[in-house]
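Visitor: Take this structure, written in structure tokens, and hold onto it; I'll ask about it next.
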Amino acid sequence: MLYISDMQNFTYKTKGTCSRSISFSLDDDNLIRSVSFEGGCNGNLKGISALAEGKRPEEIIAALKGIKCGWKDTSCPDQFASALEKAISK
């Protein structure tokens with residue numbers, strides 16, 4: 001489920017992952033800013049956040065969509081791709 005706090009800030013409640021939520025912003029140029037994960041593997045998620053900063057959502061969706069974590073059907077990166085898809089479809 002995606003909760004919109006205002007037109008550019010988003011918080012996405014994840015499902016099926018160690019992280020519980022993902023918060024991010026889209027700036028006026030539709031670039032990703034201020035990515036943070038609640039829970040999950042701290043170092044890995046900081047890496048994903050750093051790589052996503054300043055990029056277009058479509059680029060990150062293409063790179064992360066469908067990544068699985070072990071036996072799970074999803075992953076934190078896949079959930080981030082889903083959050084971005086919902087954000088840009090609004």
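Order determines the names: the first chain of the structure tokens is A, the second B, and so forth; residues in each chain are numbered 1 upward, and ligands are numbered 1 upward as they are shown.
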Which polymer residues have any atom within 9 Å of an atom of segment 60-77 of chain A, counting only C-alpha atoms, with same-chain residues fewer than 3 positions away left out, as a PDB file with N, CA and C atoms, in the first residue's frame?

Guide:
ATOM      1  N   THR A  14       6.147  -2.136   2.782  1.00  0.00           N
ATOM      2  CA  THR A  14       6.598  -3.319   2.053  1.00  0.00           C
ATOM      3  C   THR A  14       5.871  -4.574   2.524  1.00  0.00           C
ATOM      4  N   LYS A  15       5.908  -5.605   1.671  1.00  0.00           N
ATOM      5  CA  LYS A  15       5.323  -6.909   1.986  1.00  0.00           C
ATOM      6  C   LYS A  15       6.329  -7.983   1.617  1.00  0.00           C
ATOM      7  N   GLY A  16       6.514  -8.948   2.515  1.00  0.00           N
ATOM      8  CA  GLY A  16       7.363 -10.092   2.204  1.00  0.00           C
ATOM      9  C   GLY A  16       8.852  -9.851   2.307  1.00  0.00           C
ATOM     10  N   THR A  17       9.255  -8.766   2.985  1.00  0.00           N
ATOM     11  CA  THR A  17      10.674  -8.445   3.114  1.00  0.00           C
ATOM     12  C   THR A  17      11.009  -8.126   4.565  1.00  0.00           C
ATOM     13  N   CYS A  18      12.294  -8.089   4.849  1.00  0.00           N
ATOM     14  CA  CYS A  18      12.753  -7.699   6.197  1.00  0.00           C
ATOM     15  C   CYS A  18      12.510  -6.216   6.457  1.00  0.00           C
ATOM     16  N   SER A  19      12.612  -5.402   5.426  1.00  0.00           N
ATOM     17  CA  SER A  19      12.312  -3.980   5.611  1.00  0.00           C
ATOM     18  C   SER A  19      10.804  -3.821   5.789  1.00  0.00           C
ATOM     19  N   ILE A  22       9.506   1.920   2.894  1.00  0.00           N
ATOM     20  CA  ILE A  22      10.471   2.673   2.096  1.00  0.00           C
ATOM     21  C   ILE A  22       9.919   4.080   1.941  1.00  0.00           C
ATOM     22  N   PHE A  37      15.086   3.233   3.942  1.00  0.00           N
ATOM     23  CA  PHE A  37      14.362   2.006   4.258  1.00  0.00           C
ATOM     24  C   PHE A  37      14.258   1.888   5.774  1.00  0.00           C
ATOM     25  N   GLY A  40      15.446  -4.047   7.559  1.00  0.00           N
ATOM     26  CA  GLY A  40      16.202  -4.663   6.474  1.00  0.00           C
ATOM     27  C   GLY A  40      17.697  -4.630   6.719  1.00  0.00           C
ATOM     28  N   LEU A  45      20.877  -1.722   1.910  1.00  0.00           N
ATOM     29  CA  LEU A  45      19.818  -0.765   1.584  1.00  0.00           C
ATOM     30  C   LEU A  45      20.362   0.661   1.476  1.00  0.00           C
ATOM     31  N   ILE A  48      21.667   0.676  -2.099  1.00  0.00           N
ATOM     32  CA  ILE A  48      20.580   0.847  -3.074  1.00  0.00           C
ATOM     33  C   ILE A  48      20.125   2.300  -3.080  1.00  0.00           C
ATOM     34  N   LEU A  51      22.656   4.538  -4.862  1.00  0.00           N
ATOM     35  CA  LEU A  51      22.642   4.333  -6.318  1.00  0.00           C
ATOM     36  C   LEU A  51      21.399   4.932  -6.975  1.00  0.00           C
ATOM     37  N   ALA A  52      20.283   4.964  -6.255  1.00  0.00           N
ATOM     38  CA  ALA A  52      19.030   5.482  -6.824  1.00  0.00           C
ATOM     39  C   ALA A  52      18.965   7.005  -6.822  1.00  0.00           C
ATOM     40  N   LYS A  55      18.460   9.651  -9.932  1.00  0.00           N
ATOM     41  CA  LYS A  55      18.091   8.922 -11.163  1.00  0.00           C
ATOM     42  C   LYS A  55      16.585   8.988 -11.387  1.00  0.00           C
ATOM     43  N   ARG A  56      16.183   8.695 -12.596  1.00  0.00           N
ATOM     44  CA  ARG A  56      14.761   8.647 -12.932  1.00  0.00           C
ATOM     45  C   ARG A  56      14.163   7.336 -12.427  1.00  0.00           C
ATOM     46  N   PRO A  57      12.926   7.368 -11.958  1.00  0.00           N
ATOM     47  CA  PRO A  57      12.281   6.156 -11.465  1.00  0.00           C
ATOM     48  C   PRO A  57      12.297   5.002 -12.477  1.00  0.00           C
ATOM     49  N   PHE A  80      11.075  -1.730  -3.729  1.00  0.00           N
ATOM     50  CA  PHE A  80      11.369  -0.343  -4.092  1.00  0.00           C
ATOM     51  C   PHE A  80      10.895  -0.072  -5.520  1.00  0.00           C
ATOM     52  N   ALA A  81      11.128  -1.017  -6.429  1.00  0.00           N
ATOM     53  CA  ALA A  81      10.652  -0.857  -7.814  1.00  0.00           C
ATOM     54  C   ALA A  81       9.126  -0.732  -7.822  1.00  0.00           C
ATOM     55  N   SER A  82       8.435  -1.543  -7.031  1.00  0.00           N
ATOM     56  CA  SER A  82       6.976  -1.471  -6.958  1.00  0.00           C
ATOM     57  C   SER A  82       6.513  -0.127  -6.408  1.00  0.00           C
ATOM     58  N   LEU A  84       8.115   2.716  -6.612  1.00  0.00           N
ATOM     59  CA  LEU A  84       8.351   3.728  -7.656  1.00  0.00           C
ATOM     60  C   LEU A  84       7.282   3.642  -8.738  1.00  0.00           C
ATOM     61  N   GLU A  85       6.908   2.433  -9.128  1.00  0.00           N
ATOM     62  CA  GLU A  85       5.838   2.279 -10.131  1.00  0.00           C
ATOM     63  C   GLU A  85       4.558   2.933  -9.666  1.00  0.00           C
TER      64      GLU A  85
END

Visitor: Measuring between only C-alpha atoms, which one of A:Cys41, A:Ala50, A:Ala87, A:Val35 shows the shortest distance to Gln8 of chain A?

Guide: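 Nearest to Gln8 of chain A: A:Ala87.
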
Visitor: Excluding Ser34 of chain A and any residue of its chain fewer than 2 positions from it, enumerate the residues within 8 Å of it, using only C-alpha atoms, and give them as a VMD selection string.

Guide: chain A and resid 23 to 25 32 36 49 53

Visitor: Would you put the residues from that selection into a file with C-alpha atoms, as a PDB file, in the first residue's frame?

Guide:
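So again22.pdb came out as:
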ATOM      1  CA  SER A  23      10.348   6.475   2.063  1.00  0.00           C
ATOM      2  CA  PHE A  24      11.480   8.582  -0.874  1.00  0.00           C
ATOM      3  CA  SER A  25      10.842  11.817  -2.721  1.00  0.00           C
ATOM      4  CA  ILE A  32      14.594  10.249  -6.953  1.00  0.00           C
ATOM      5  CA  SER A  36      15.420   5.478   3.178  1.00  0.00           C
ATOM      6  CA  SER A  49      19.529   4.269  -1.789  1.00  0.00           C
ATOM      7  CA  GLU A  53      19.590   9.102  -5.748  1.00  0.00           C
TER       8      GLU A  53
END

Visitor: Which of chain A counts as strand (DSSP E or B) under DSSP, as JSON, numbers by chain please?

Guide: {"A": [2, 3, 4, 9, 10, 11, 12, 13, 19, 20, 21, 22, 23, 24, 25, 26, 32, 33, 34, 35, 36, 37, 38, 39]}

Visitor: I need the helix (DSSP H, G or I) residues of chain A per DSSP on the backbone, written as a PyMOL selection string.

Guide: chain A and resi 42-52+57-64+76-89

Visitor: Separation of atom CA of Leu26 of chain A and atom CA of Gly54 of chain A, in Å?

Guide: 9.2 Å

Visitor: State, in Å with one decimal place, the distance from atom CA of Lys86 of chain A to atom CA of Glu38 of chain A.

Guide: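 Atom-to-atom, atom CA of Lys86 of chain A and atom CA of Glu38 of chain A are spaced 18.6 Å apart.
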